[in-house]
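*Asks:* Pasting work.tsv here (TSV, C-alpha atoms and all ligand atoms):
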```tsv
chain	number	residue	atom	x	y	z
H	1	MET	CA	9.73	1.94	11.17
H	2	ILE	CA	6.41	3.06	9.73
H	3	TYR	CA	4.62	6.18	10.95
H	4	ASN	CA	0.95	6.26	10.02
H	5	TRP	CA	-0.11	9.85	9.40
H	6	LYS	CA	-2.96	9.05	7.04
H	7	ASN	CA	-5.49	10.77	9.26
H	8	ASN	CA	-3.37	13.28	11.11
H	9	ILE	CA	0.23	14.33	11.62
H	10	ASN	CA	1.60	13.00	14.92
H	11	GLU	CA	3.61	15.86	16.44
H	12	ILE	CA	5.91	13.63	18.52
H	13	GLU	CA	6.74	11.51	15.48
H	14	LEU	CA	7.18	14.70	13.43
H	15	ASN	CA	9.87	15.80	15.89
H	16	ASP	CA	11.52	12.41	15.58
H	17	VAL	CA	11.46	12.49	11.77
H	18	SER	CA	12.84	16.02	11.49
H	19	ASN	CA	15.53	15.37	14.13
H	20	SER	CA	16.58	12.17	12.43
H	21	ILE	CA	16.93	14.01	9.08
H	22	LYS	CA	18.97	16.72	10.80
H	23	ASN	CA	21.14	13.94	12.26
H	24	GLY	CA	21.88	12.44	8.84
H	25	GLU	CA	19.19	9.78	8.50
H	26	ILE	CA	17.08	9.32	5.37
H	27	VAL	CA	13.28	9.11	5.50
H	28	VAL	CA	10.54	8.18	3.02
H	29	MET	CA	7.65	10.66	2.96
H	30	PRO	CA	4.60	11.39	0.83
H	31	THR	CA	4.18	14.30	-1.57
H	32	GLU	CA	1.25	15.17	-3.83
H	33	THR	CA	3.06	13.66	-6.85
H	34	VAL	CA	4.82	10.48	-5.66
H	35	TYR	CA	6.61	9.45	-2.45
H	36	GLY	CA	10.16	10.67	-1.98
H	37	VAL	CA	13.17	9.64	0.07
H	38	GLY	CA	14.54	12.68	1.83
H	39	ALA	CA	17.83	13.87	3.32
H	40	ASP	CA	19.21	17.17	4.61
H	41	LEU	CA	20.46	19.21	1.63
H	42	PHE	CA	23.63	20.14	3.49
H	43	ASN	CA	24.58	16.67	4.77
H	44	GLU	CA	26.64	14.93	2.09
H	45	ASP	CA	26.90	11.65	4.01
H	46	ALA	CA	23.13	11.45	4.27
H	47	ILE	CA	22.79	12.21	0.57
H	48	LYS	CA	25.24	9.41	-0.21
H	49	LYS	CA	22.89	7.07	1.67
H	50	ILE	CA	20.12	8.03	-0.76
H	51	PHE	CA	22.26	7.25	-3.81
H	52	MET	CA	23.15	3.88	-2.23
H	53	ALA	CA	19.59	3.01	-1.18
H	54	LYS	CA	18.18	3.84	-4.63
H	55	ASN	CA	21.21	2.46	-6.50
H	56	ARG	CA	21.12	5.79	-8.30
H	57	PRO	CA	23.87	6.77	-10.76
H	58	ALA	CA	25.98	9.64	-9.41
H	59	THR	CA	25.42	11.44	-12.73
H	60	ASN	CA	21.71	11.99	-11.94
H	61	PRO	CA	21.16	15.19	-9.92
H	62	LEU	CA	18.60	15.57	-7.12
H	63	ILE	CA	15.80	18.12	-6.81
H	64	VAL	CA	15.91	20.45	-3.80
H	65	HIS	CA	12.58	20.62	-1.95
H	66	ILE	CA	11.72	23.77	-0.03
H	67	GLY	CA	9.14	24.55	2.66
H	68	ASN	CA	8.51	28.17	1.61
H	69	LYS	CA	9.37	30.32	-1.37
H	70	ASN	CA	11.92	32.41	0.55
H	71	GLU	CA	14.19	29.37	0.56
H	72	ILE	CA	14.70	29.69	-3.22
H	73	ASP	CA	17.15	32.46	-2.40
H	74	MET	CA	19.15	30.03	-0.20
H	75	VAL	CA	19.85	27.65	-3.07
H	76	ALA	CA	19.56	29.51	-6.40
H	77	GLN	CA	20.48	32.75	-8.16
H	78	LYS	CA	17.68	35.28	-8.53
H	79	PRO	CA	15.02	34.04	-10.99
H	80	ASN	CA	14.38	36.15	-14.10
H	81	GLU	CA	10.92	37.56	-14.86
H	82	ILE	CA	9.60	34.46	-16.61
H	83	GLU	CA	10.98	32.09	-13.99
H	84	GLN	CA	9.41	34.25	-11.28
H	85	ALA	CA	6.02	34.21	-13.03
H	86	LEU	CA	6.15	30.39	-13.12
H	87	ILE	CA	7.17	30.24	-9.45
H	88	ASP	CA	4.28	32.54	-8.52
H	89	ALA	CA	1.80	30.49	-10.54
H	90	PHE	CA	2.82	26.91	-9.74
H	91	MET	CA	4.50	26.83	-6.32
H	92	PRO	CA	3.58	25.10	-4.10
H	93	GLY	CA	2.58	22.27	-6.41
H	94	PRO	CA	3.70	19.50	-8.79
H	95	PHE	CA	6.27	21.72	-10.46
H	96	THR	CA	10.08	21.84	-10.50
H	97	ILE	CA	12.06	24.74	-11.93
H	98	ILE	CA	15.70	24.51	-12.96
H	99	LEU	CA	17.64	27.60	-11.85
H	100	LYS	CA	21.29	28.65	-11.69
H	101	LYS	CA	22.57	27.21	-8.42
H	102	LYS	CA	24.34	28.93	-5.55
H	103	ASP	CA	27.81	27.77	-4.45
H	104	CYS	CA	26.51	26.31	-1.19
H	105	ILE	CA	24.89	23.39	-3.07
H	106	PRO	CA	27.01	20.25	-2.56
H	107	ASP	CA	28.31	18.83	-5.88
H	108	ILE	CA	26.78	15.46	-5.07
H	109	VAL	CA	23.32	17.08	-5.30
H	110	SER	CA	23.77	18.80	-8.66
H	111	ALA	CA	25.96	16.04	-10.18
H	112	GLY	CA	28.43	18.70	-11.25
H	113	LEU	CA	25.89	20.88	-13.14
H	114	ASP	CA	25.75	24.64	-12.54
H	115	THR	CA	21.96	24.44	-12.11
H	116	ILE	CA	19.60	23.14	-9.43
H	117	GLY	CA	16.03	21.85	-9.61
H	118	VAL	CA	13.76	23.48	-7.01
H	119	ARG	CA	10.33	22.27	-5.98
H	120	MET	CA	7.93	23.22	-3.18
H	121	PRO	CA	5.49	20.35	-2.48
H	122	SER	CA	1.92	21.28	-1.61
H	123	ASN	CA	1.49	18.09	0.44
H	124	GLU	CA	1.04	19.06	4.09
H	125	ILE	CA	3.15	16.22	5.51
H	126	ALA	CA	6.13	16.99	3.25
H	127	ASN	CA	5.76	20.68	3.99
H	128	ARG	CA	5.64	20.18	7.77
H	129	ILE	CA	8.72	17.93	7.71
H	130	ILE	CA	10.78	20.33	5.56
H	131	THR	CA	9.71	23.30	7.68
H	132	LYS	CA	10.61	21.48	10.89
H	133	VAL	CA	14.03	20.45	9.51
H	134	GLY	CA	14.57	24.18	9.03
H	135	ASN	CA	16.30	24.11	5.65
H	136	PRO	CA	15.69	22.52	2.23
H	137	ILE	CA	15.97	18.77	1.73
H	138	VAL	CA	16.69	16.59	-1.31
H	139	LEU	CA	13.79	14.29	-2.17
H	140	PRO	CA	14.13	11.94	-5.15
H	141	SER	CA	11.29	9.52	-5.82
H	142	ALA	CA	11.04	6.56	-3.42
H	143	ASN	CA	12.00	3.64	-5.64
H	144	ILE	CA	15.08	1.75	-6.77
H	145	SER	CA	16.49	3.66	-9.78
H	146	GLY	CA	14.82	2.57	-12.99
H	147	ARG	CA	11.66	1.22	-11.31
H	148	PRO	CA	8.29	3.01	-11.28
H	149	SER	CA	8.06	5.61	-8.49
H	150	GLY	CA	6.31	4.58	-5.29
H	151	THR	CA	2.81	6.00	-4.82
H	152	ARG	CA	1.83	4.12	-1.66
H	153	VAL	CA	3.70	2.60	1.26
H	154	GLU	CA	2.81	-1.00	0.37
H	155	ASP	CA	4.80	-0.59	-2.86
H	156	ILE	CA	7.79	1.14	-1.30
H	157	PHE	CA	8.23	-1.19	1.65
H	158	GLU	CA	9.91	-4.03	-0.26
H	159	GLU	CA	12.41	-1.80	-2.09
H	160	LEU	CA	13.42	0.61	0.67
H	161	GLU	CA	12.23	-0.33	4.18
H	162	SER	CA	15.52	-1.84	5.32
H	163	LYS	CA	17.52	1.10	3.99
H	164	VAL	CA	15.78	4.10	5.58
H	165	TYR	CA	15.23	5.32	9.14
H	166	ALA	CA	11.46	5.59	8.73
H	167	ILE	CA	8.62	5.54	6.24
H	168	VAL	CA	5.86	8.09	6.77
H	169	ASP	CA	2.53	6.82	5.45
H	170	GLY	CA	0.29	9.57	4.11
H	171	GLY	CA	-1.97	7.34	1.98
H	172	GLU	CA	-1.92	7.12	-1.79
H	173	SER	CA	-0.27	9.93	-3.77
H	174	PRO	CA	-3.13	11.91	-5.33
H	175	ILE	CA	-1.35	12.82	-8.60
H	176	GLY	CA	0.68	9.65	-9.10
H	177	LEU	CA	3.25	11.04	-11.59
H	178	GLU	CA	6.38	13.03	-10.78
H	179	SER	CA	6.44	16.83	-11.04
H	180	THR	CA	6.68	18.75	-14.31
H	181	VAL	CA	10.33	19.82	-14.70
H	182	VAL	CA	10.80	23.15	-16.50
H	183	LYS	CA	13.91	25.04	-17.56
H	184	VAL	CA	13.62	28.52	-19.04
H	185	VAL	CA	15.96	28.71	-22.07
H	186	ASP	CA	16.31	32.05	-23.93
H	187	ASN	CA	13.13	33.24	-22.18
H	188	VAL	CA	11.09	30.22	-23.31
H	189	PRO	CA	9.90	27.65	-20.73
H	190	VAL	CA	10.98	24.18	-21.89
H	191	ILE	CA	9.38	21.11	-20.30
H	192	LEU	CA	12.14	18.57	-19.63
H	193	ARG	CA	9.82	16.11	-17.86
H	194	PRO	CA	6.04	16.39	-18.42
H	195	GLY	CA	3.67	16.12	-15.45
H	196	LYS	CA	0.37	17.37	-14.08
H	197	ILE	CA	1.25	20.98	-14.98
H	198	THR	CA	0.75	20.82	-18.75
H	199	PRO	CA	2.16	22.95	-21.61
H	200	GLU	CA	-1.30	24.56	-21.84
H	201	ASP	CA	-1.13	25.56	-18.14
H	202	ILE	CA	2.27	27.21	-18.70
H	203	ILE	CA	1.15	29.00	-21.87
H	204	LYS	CA	-1.73	30.52	-19.88
H	205	VAL	CA	0.79	32.12	-17.52
H	206	VAL	CA	3.67	33.26	-19.76
H	207	GLY	CA	2.25	32.88	-23.28
H	208	LYS	CA	4.74	30.25	-24.47
H	209	CYS	CA	6.07	26.79	-23.74
H	210	GLU	CA	8.01	24.11	-25.59
H	211	LEU	CA	8.49	20.39	-25.05
H	212	ASP	CA	12.10	19.24	-24.89
H	213	LYS	CA	12.92	17.18	-27.98
H	214	ASN	CA	13.96	14.21	-25.83
H	215	ILE	CA	10.60	13.69	-24.10
H	216	PHE	CA	9.52	10.88	-26.43
H	217	GLN	CA	13.04	9.69	-27.21
H	218	LYS	CA	14.53	6.32	-26.22
H	219	PRO	CA	17.23	6.85	-23.55
H	220	ALA	CA	19.87	5.35	-25.87
H	221	ASP	CA	18.97	7.86	-28.61
H	222	VAL	CA	19.03	10.96	-26.42
H	223	VAL	CA	21.55	13.56	-27.54
H	224	ASP	CA	22.16	16.91	-25.93
H	225	ALA	CA	20.26	15.95	-22.74
H	226	GLN	CA	19.00	18.95	-20.79
H	227	MET	CA	17.94	16.52	-18.06
H	228	PRO	CA	20.45	13.80	-17.08
H	229	GLY	CA	17.53	11.49	-16.19
H	230	SER	CA	16.40	11.37	-19.82
H	231	LYS	CA	19.47	9.25	-20.69
H	232	LEU	CA	18.57	6.62	-18.07
H	233	GLU	CA	15.96	3.88	-18.21
H	234	HIS	CA	12.95	4.77	-16.06
H	235	TYR	CA	9.66	3.30	-14.80
H	236	VAL	CA	10.68	-0.13	-16.12
H	237	SER	CA	8.53	-3.14	-15.24
H	238	LYS	CA	9.87	-6.55	-14.17
H	239	LEU	CA	7.63	-8.06	-16.86
H	240	GLU	CA	7.60	-7.55	-20.60
H	241	CYS	CA	5.22	-4.67	-21.38
H	242	ASN	CA	3.62	-3.67	-24.66
H	243	LEU	CA	1.84	-0.42	-25.30
H	244	ILE	CA	-1.30	-0.79	-27.36
H	245	CYS	CA	-2.42	2.29	-29.27
H	246	GLY	CA	-5.26	3.15	-31.64
H	247	GLN	CA	-8.46	5.11	-32.11
H	248	ASN	CA	-10.76	2.17	-32.78
H	249	ASN	CA	-11.90	0.23	-29.70
H	250	ASP	CA	-13.00	-2.85	-31.67
H	251	LYS	CA	-9.56	-3.19	-33.21
H	252	ILE	CA	-7.89	-2.79	-29.80
H	253	ILE	CA	-10.17	-5.45	-28.30
H	254	ASP	CA	-9.52	-7.88	-31.18
H	255	LYS	CA	-5.78	-7.39	-30.82
H	256	ILE	CA	-5.88	-7.95	-27.06
H	257	LYS	CA	-7.92	-11.15	-27.53
H	258	GLU	CA	-5.43	-12.40	-30.12
H	259	ILE	CA	-2.49	-11.76	-27.79
H	260	ILE	CA	-4.26	-13.43	-24.85
H	261	GLN	CA	-4.65	-16.56	-27.00
H	262	GLN	CA	-1.03	-16.51	-28.12
H	263	ARG	CA	0.11	-16.18	-24.51
H	264	ASP	CA	-2.16	-18.86	-23.04
H	265	GLY	CA	-4.02	-16.27	-21.03
H	266	LYS	CA	-0.95	-15.18	-19.05
H	267	VAL	CA	-1.51	-11.50	-19.74
H	268	ALA	CA	-2.38	-8.56	-17.48
H	269	ILE	CA	-4.18	-5.58	-18.99
H	270	ILE	CA	-4.21	-1.93	-17.94
H	271	ALA	CA	-6.84	-0.13	-20.03
H	272	PHE	CA	-9.97	2.01	-20.00
H	273	GLU	CA	-13.03	0.18	-18.70
H	274	ASP	CA	-14.85	0.15	-22.05
H	275	ILE	CA	-12.04	-2.08	-23.32
H	276	ILE	CA	-11.67	-4.12	-20.12
H	277	GLU	CA	-15.42	-4.93	-20.08
H	278	LYS	CA	-15.04	-6.84	-23.35
H	279	ILE	CA	-12.10	-8.99	-22.26
H	280	ASP	CA	-12.96	-12.40	-20.90
H	281	ILE	CA	-10.16	-13.38	-18.52
H	282	SER	CA	-9.98	-13.58	-14.75
H	283	LYS	CA	-10.67	-10.26	-13.04
H	284	ASP	CA	-7.40	-10.18	-11.12
H	285	ARG	CA	-5.51	-9.70	-14.41
H	286	LEU	CA	-7.62	-6.66	-15.35
H	287	PHE	CA	-6.75	-3.12	-14.28
H	288	PRO	CA	-9.45	-0.69	-15.37
H	289	ILE	CA	-9.43	3.10	-15.70
H	290	SER	CA	-12.82	4.85	-15.73
H	291	ARG	CA	-14.08	5.95	-19.14
H	292	THR	CA	-16.55	8.82	-18.87
H	293	ASP	CA	-17.32	11.69	-21.23
H	294	ASN	CA	-14.75	13.75	-19.34
H	295	ILE	CA	-11.40	12.57	-20.74
H	296	GLU	CA	-9.42	15.01	-18.59
H	297	LYS	CA	-10.88	13.48	-15.44
H	298	ASP	CA	-10.25	9.96	-16.74
H	299	GLU	CA	-6.62	10.79	-17.49
H	300	LEU	CA	-6.14	12.17	-13.98
H	301	GLU	CA	-7.30	8.77	-12.73
H	302	TYR	CA	-4.93	7.05	-15.19
H	303	ALA	CA	-1.98	9.06	-13.85
H	304	GLU	CA	-2.97	8.36	-10.26
H	305	LYS	CA	-3.26	4.60	-10.71
H	306	LEU	CA	-0.55	3.91	-13.28
H	307	TYR	CA	2.46	2.97	-11.14
H	308	ARG	CA	0.36	1.05	-8.62
H	309	TYR	CA	-1.27	-0.90	-11.43
H	310	ILE	CA	2.09	-1.78	-12.98
H	311	ARG	CA	3.29	-3.21	-9.68
H	312	GLU	CA	0.01	-5.07	-9.10
H	313	ALA	CA	0.08	-6.45	-12.65
H	314	GLU	CA	3.61	-7.75	-11.99
H	315	ASN	CA	2.16	-9.90	-9.18
H	316	THR	CA	-0.46	-11.66	-11.30
H	317	ASP	CA	1.57	-14.56	-12.66
H	318	SER	CA	1.52	-13.02	-16.13
H	319	ASP	CA	4.22	-13.06	-18.82
H	320	LEU	CA	3.14	-9.82	-20.42
H	321	ILE	CA	1.44	-6.56	-19.44
H	322	LEU	CA	-0.59	-4.83	-22.15
H	323	ILE	CA	-1.12	-1.12	-21.48
H	324	GLN	CA	-3.46	1.12	-23.44
H	325	GLY	CA	-1.91	4.34	-24.71
H	326	VAL	CA	-3.55	7.77	-24.72
H	327	LYS	CA	-3.36	10.82	-27.00
H	328	GLU	CA	-0.24	12.91	-26.47
H	329	GLU	CA	-2.23	15.97	-25.43
H	330	GLY	CA	-2.70	17.70	-22.09
H	331	LEU	CA	-1.91	15.26	-19.26
H	332	GLY	CA	-1.60	12.59	-21.98
H	333	VAL	CA	1.88	13.95	-22.74
H	334	ALA	CA	3.05	12.95	-19.25
H	335	ILE	CA	1.23	9.61	-19.27
H	336	MET	CA	2.73	8.63	-22.64
H	337	ASN	CA	6.21	9.80	-21.58
H	338	ARG	CA	6.02	7.26	-18.72
H	339	LEU	CA	4.25	4.48	-20.68
H	340	LEU	CA	6.78	4.54	-23.50
H	341	ARG	CA	9.55	3.92	-20.98
H	342	THR	CA	7.62	1.29	-19.05
H	343	SER	CA	7.10	-0.63	-22.28
H	344	SER	CA	10.69	-0.03	-23.47
H	345	PHE	CA	9.13	1.68	-26.53
H	346	LYS	CA	7.42	-1.52	-27.70
H	347	ILE	CA	4.25	-0.22	-29.33
H	348	ILE	CA	1.47	-2.16	-31.06
H	349	ASN	CA	-0.45	0.23	-33.29
H	350	VAL	CA	-3.82	-1.17	-34.38
H	351	ASP	CA	-4.94	1.69	-36.67
J	401	LIG	O1	7.55	14.95	-8.13
J	401	LIG	C1	8.77	14.89	-8.00
J	401	LIG	O2	9.54	15.70	-8.56
J	401	LIG	C2	9.32	13.77	-7.09
J	401	LIG	C3	8.79	14.01	-5.67
J	401	LIG	C4	9.32	13.00	-4.66
J	401	LIG	O3	9.02	15.33	-5.26
J	401	LIG	N1	10.78	13.76	-7.14
J	401	LIG	C5	11.44	13.28	-8.22
J	401	LIG	O4	12.81	13.29	-8.11
J	401	LIG	O5	10.87	12.84	-9.19
J	401	LIG	P1	13.77	12.33	-8.98
J	401	LIG	O6	15.11	12.55	-8.39
J	401	LIG	O7	13.22	10.97	-8.98
J	401	LIG	O8	13.74	12.94	-10.44
J	401	LIG	C6	14.41	14.17	-10.69
J	401	LIG	C7	14.65	14.36	-12.16
J	401	LIG	C8	15.76	13.47	-12.70
J	401	LIG	O9	15.38	12.96	-13.96
J	401	LIG	C9	16.93	14.44	-12.85
J	401	LIG	O10	17.78	14.09	-13.94
J	401	LIG	C10	16.25	15.76	-13.10
J	401	LIG	O11	15.05	15.72	-12.35
J	401	LIG	N2	17.06	16.91	-12.63
J	401	LIG	C11	17.46	17.17	-11.36
J	401	LIG	N3	18.23	18.26	-11.31
J	401	LIG	C12	18.34	18.72	-12.58
J	401	LIG	C13	19.01	19.81	-13.20
J	401	LIG	N4	19.74	20.67	-12.48
J	401	LIG	N5	18.89	19.98	-14.54
J	401	LIG	C14	18.14	19.13	-15.26
J	401	LIG	N6	17.47	18.07	-14.74
J	401	LIG	C15	17.57	17.86	-13.42
J	402	MG	MG	12.78	9.20	-9.86
```
Give the structure from the file, written as structure tokens.
Ligand code: TXA
Ligand code: MG

*Replies:*
Amino acid sequence: MIYNWKNNINEIELNDVSNSIKNGEIVVMPTETVYGVGADLFNEDAIKKIFMAKNRPATNPLIVHIGNKNEIDMVAQKPNEIEQALIDAFMPGPFTIILKKKDCIPDIVSAGLDTIGVRMPSNEIANRIITKVGNPIVLPSANISGRPSGTRVEDIFEELESKVYAIVDGGESPIGLESTVVKVVDNVPVILRPGKITPEDIIKVVGKCELDKNIFQKPADVVDAQMPGSKLEHYVSKLECNLICGQNNDKIIDKIKEIIQQRDGKVAIIAFEDIIEKIDISKDRLFPISRTDNIEKDELEYAEKLYRYIREAENTDSDLILIQGVKEEGLGVAIMNRLLRTSSFKIINVD
């Protein structure tokens, strides 16, 4: 069943969605980052349905999603001063904090860890559903494990429609990448998964921030994982993907042309428009990102379109997707963290 709430939230359907979650059903819903598939935090059978529907390894814990900040106290031990400053600054929003969990958290949620990830979405639909359910929900990304997260209903339908009670359509996810996951270790915020909230944003609030050493690491090479998800393959495309990196546009363009020839034209390309403009293949294989003099704005667009573009590129009868890399700065840290995984760390460096 699909509920269309793109223009407004239907109150009768909202009752149905929240009641169904309370009764142990699972429901796909939008958030500001990506779509999630939600279940009542305290209903283990419902949570099992999520693991089944996503084919998610039991070792990968779920993030608890709350409707207001008071609910942190329901699920986690009292935050310390730094954790509280981050909560005050970034909740609600695309931000998840790892805290010591309370005993009421079912083991299936935390995968046996003594911590719990907590996030408060700013998306109105997600917030209204959680609030109406009356207690926190779990809400992993709406995709089969290992695939790119769903950022619009058209992309989620095929993977999950038959496995959930309902899909709530709230239009395209405005951010397009999953939340920034942060754990405070010895009073230093450590980013375990980069997202829209950047290291610079965190430094502005508490004066310090580190990136976890596994952020740019292949899953097979991860040791001492602070985040179980970092040991799993993520955001993987059905097609072979190569990441193309370099400072010099002419060299990137030459390389792309060479690869198109080698592959008899069966290539899809996700890149900034100043590259795309110079590539002479059919338009439906080209996936452009705006290139203006405001790189921050362009990278926001890149994040927003990335997963949708990967899925669209998969449907172009191509053998290979070429994806242009970005600098690992600001939001570029999050984009590259995803792109490296999508391309299984296959990088063509043209510099
Ligand atoms: O933006 C988001 O966070 C989206 C939307 C739907 O809210 N949700 C999401 O959930 O991305 P999921 O389950 O797809 O990713 C959660 C990640 C996993 O990599 C998991 O390993 C990690 O968070 N995680 C969960 N609990 C953790 C914990 N206690 N300690 C460390 N990492 C944890
Ligand atoms: Mg996920």

*Asks:* Can you pull out every residue with an atom within 12 Å of ligand MG 402 (chain J)? Use all atoms listed in the file and format it as a compact mmCIF listing (two decimals) with C-alpha atoms, in the frame of the given file.

*Replies:*
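Final file, part28.txt:
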```txt
# COMPACT_ATOMS: atom_id res chain seq x y z
CA THR H 33 3.06 13.66 -6.85
CA VAL H 34 4.82 10.48 -5.66
CA TYR H 35 6.61 9.45 -2.45
CA GLY H 36 10.16 10.67 -1.98
CA VAL H 37 13.17 9.64 0.07
CA ILE H 50 20.12 8.03 -0.76
CA PHE H 51 22.26 7.25 -3.81
CA LYS H 54 18.18 3.84 -4.63
CA ASN H 55 21.21 2.46 -6.50
CA ARG H 56 21.12 5.79 -8.30
CA PRO H 57 23.87 6.77 -10.76
CA ASN H 60 21.71 11.99 -11.94
CA PRO H 61 21.16 15.19 -9.92
CA LEU H 62 18.60 15.57 -7.12
CA ILE H 63 15.80 18.12 -6.81
CA VAL H 138 16.69 16.59 -1.31
CA LEU H 139 13.79 14.29 -2.17
CA PRO H 140 14.13 11.94 -5.15
CA SER H 141 11.29 9.52 -5.82
CA ALA H 142 11.04 6.56 -3.42
CA ASN H 143 12.00 3.64 -5.64
CA ILE H 144 15.08 1.75 -6.77
CA SER H 145 16.49 3.66 -9.78
CA GLY H 146 14.82 2.57 -12.99
CA ARG H 147 11.66 1.22 -11.31
CA PRO H 148 8.29 3.01 -11.28
CA SER H 149 8.06 5.61 -8.49
CA GLY H 150 6.31 4.58 -5.29
CA THR H 151 2.81 6.00 -4.82
CA LEU H 177 3.25 11.04 -11.59
CA GLU H 178 6.38 13.03 -10.78
CA SER H 179 6.44 16.83 -11.04
CA VAL H 181 10.33 19.82 -14.70
CA ARG H 193 9.82 16.11 -17.86
CA PRO H 228 20.45 13.80 -17.08
CA GLY H 229 17.53 11.49 -16.19
CA SER H 230 16.40 11.37 -19.82
CA LEU H 232 18.57 6.62 -18.07
CA GLU H 233 15.96 3.88 -18.21
CA HIS H 234 12.95 4.77 -16.06
CA TYR H 235 9.66 3.30 -14.80
CA VAL H 236 10.68 -0.13 -16.12
CA ARG H 338 6.02 7.26 -18.72
```

*Asks:* Taking the point (23.2, 15.0, 7.4) as given in the file, collect each protein or nucleic acid residue that comes within 8 Å of it, counting all atoms listed in the file, and present the set as a ChimeraX atom specification.

*Replies:* /H:21-25,39-47

*Asks:* How big is the axis-aligned box around all listed atoms of ligand LIG 401 (chain J) once 5 Å goes on each side, and where's its centre, in Å to one decimal, as JSON?

*Replies:*
```
{"center_x": 13.6, "center_y": 15.8, "center_z": -10.0, "size_x": 22.2, "size_y": 19.7, "size_z": 20.6}
```

*Asks:* To one decimal place, how far is atom O6 of ligand LIG 401 (chain J) from CA of Glu81 in chain H in Å?

*Replies:*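 Separating atom O6 of ligand LIG 401 (chain J) from CA of Glu81 in chain H is a distance of 26.2 Å.
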
*Asks:* Would you please work out which residue, of H:Val168, H:Ile270, H:Ile66, H:Ile98, is nearest to ligand LIG 401 (chain J) when using only C-alpha atoms and all ligand atoms?

*Replies:*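 Answer, going by the shortest atom-to-atom distance: H:Ile98.
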
*Asks:* For a test of reading the model, state the distance in Å between CA of Asn349 in chain H and CA of Ala334 in chain H, rounded to one decimal.

*Replies:* 19.3 Å

*Asks:* May I ask for the distance between CA of Ala85 in chain H and CA of Val206 in chain H, given in Å to one decimal place?

*Replies:*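 Separating CA of Ala85 in chain H from CA of Val206 in chain H is a distance of 7.2 Å.
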
*Asks:* Determine the nearest neighbour of Ile244 in chain H from the options H:Ala220, H:Ile87, H:Met1, H:Ile323, counting all atoms listed in the file.

*Replies:*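 Selected residue with least distance to Ile244 in chain H: H:Ile323.
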
*Asks:* With distances taken over all atoms listed in the file, which of H:Arg128, H:Phe345, H:Leu331, H:Ile202 is nearest to Asp88 in chain H?

*Replies:*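 Looking at the shortest contact to Asp88 in chain H, the residue is H:Ile202.
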
*Asks:* Just checking: using all atoms listed in the file, which residue out of H:Asp298, H:Asp114, H:Glu304, H:Glu200 ends up closest to ligand LIG 401 (chain J)?

*Replies:* H:Asp114

*Asks:* Hey, which of H:Arg308, H:Lys213, H:Lys6, H:Lys218 ends up closest to Gly176 in chain H? Count all atoms listed in the file.

*Replies:*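 Answer, going by the shortest atom-to-atom distance: H:Arg308.
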
*Asks:* Which of these, H:Met227, H:Ile105, H:Met120, H:Ile9, has the shortest distance to ligand LIG 401 (chain J) once you count all atoms listed in the file?

*Replies:*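 Among H:Met227, H:Ile105, H:Met120, H:Ile9, it is H:Met227 that comes nearest to ligand LIG 401 (chain J).
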
*Asks:* Name the residues, using the chain letters and numbers of the file, that sit within 7 Å of (14.3, 6.3, 8.7) when counting all atoms listed in the file, and give them as an mmCIF file with C-alpha atoms, in the frame of the given file.

*Replies:*
```cif
data_model
loop_
_atom_site.group_PDB
_atom_site.id
_atom_site.type_symbol
_atom_site.label_atom_id
_atom_site.label_comp_id
_atom_site.auth_asym_id
_atom_site.auth_seq_id
_atom_site.Cartn_x
_atom_site.Cartn_y
_atom_site.Cartn_z
ATOM 1 C CA MET H 1 9.730 1.940 11.170
ATOM 2 C CA GLU H 25 19.190 9.780 8.500
ATOM 3 C CA ILE H 26 17.080 9.320 5.370
ATOM 4 C CA VAL H 27 13.280 9.110 5.500
ATOM 5 C CA VAL H 164 15.780 4.100 5.580
ATOM 6 C CA TYR H 165 15.230 5.320 9.140
ATOM 7 C CA ALA H 166 11.460 5.590 8.730
ATOM 8 C CA ILE H 167 8.620 5.540 6.240
#
```

*Asks:* Extract, using all atoms listed in the file, all DNA, RNA and protein residues at most 7 Å from Ala76 in chain H, discarding same-chain residues fewer than 3 positions from it, and format them as a list in words.

*Replies:* Ile72, Asp73, Leu99, Lys100, Lys101 and Lys102 of chain H

*Asks:* Selected residues, C-alpha atoms, written as a compact mmCIF listing (two decimals), in the coordinates of the input, please.

*Replies:*
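Written out: part_31.txt:
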```txt
# COMPACT_ATOMS: atom_id res chain seq x y z
CA ILE H 72 14.70 29.69 -3.22
CA ASP H 73 17.15 32.46 -2.40
CA LEU H 99 17.64 27.60 -11.85
CA LYS H 100 21.29 28.65 -11.69
CA LYS H 101 22.57 27.21 -8.42
CA LYS H 102 24.34 28.93 -5.55
```

*Asks:* Neighbours of Asp186 in chain H within 12 Å (all atoms listed in the file; same-chain residues fewer than 4 positions away dropped), as number ranges by chain?

*Replies:* H: 80-83, 190, 208-210

*Asks:* Could the residues in this selection be saved with C-alpha atoms as a PDB file, keeping the file's coordinate frame?

*Replies:*
```
ATOM      1  CA  ASN H  80      14.380  36.150 -14.100  1.00  0.00           C
ATOM      2  CA  GLU H  81      10.920  37.560 -14.860  1.00  0.00           C
ATOM      3  CA  ILE H  82       9.600  34.460 -16.610  1.00  0.00           C
ATOM      4  CA  GLU H  83      10.980  32.090 -13.990  1.00  0.00           C
ATOM      5  CA  VAL H 190      10.980  24.180 -21.890  1.00  0.00           C
ATOM      6  CA  LYS H 208       4.740  30.250 -24.470  1.00  0.00           C
ATOM      7  CA  CYS H 209       6.070  26.790 -23.740  1.00  0.00           C
ATOM      8  CA  GLU H 210       8.010  24.110 -25.590  1.00  0.00           C
TER       9      GLU H 210
END
```

*Asks:* Any idea what's packed within 12 Å of Asp280 in chain H, counting all atoms listed in the file, ignoring anything in its chain fewer than 4 positions away? Could you give it as a ChimeraX atom specification?

*Replies:* /H:253-254,256-258,260-261,265,267-269,275-276,284-286
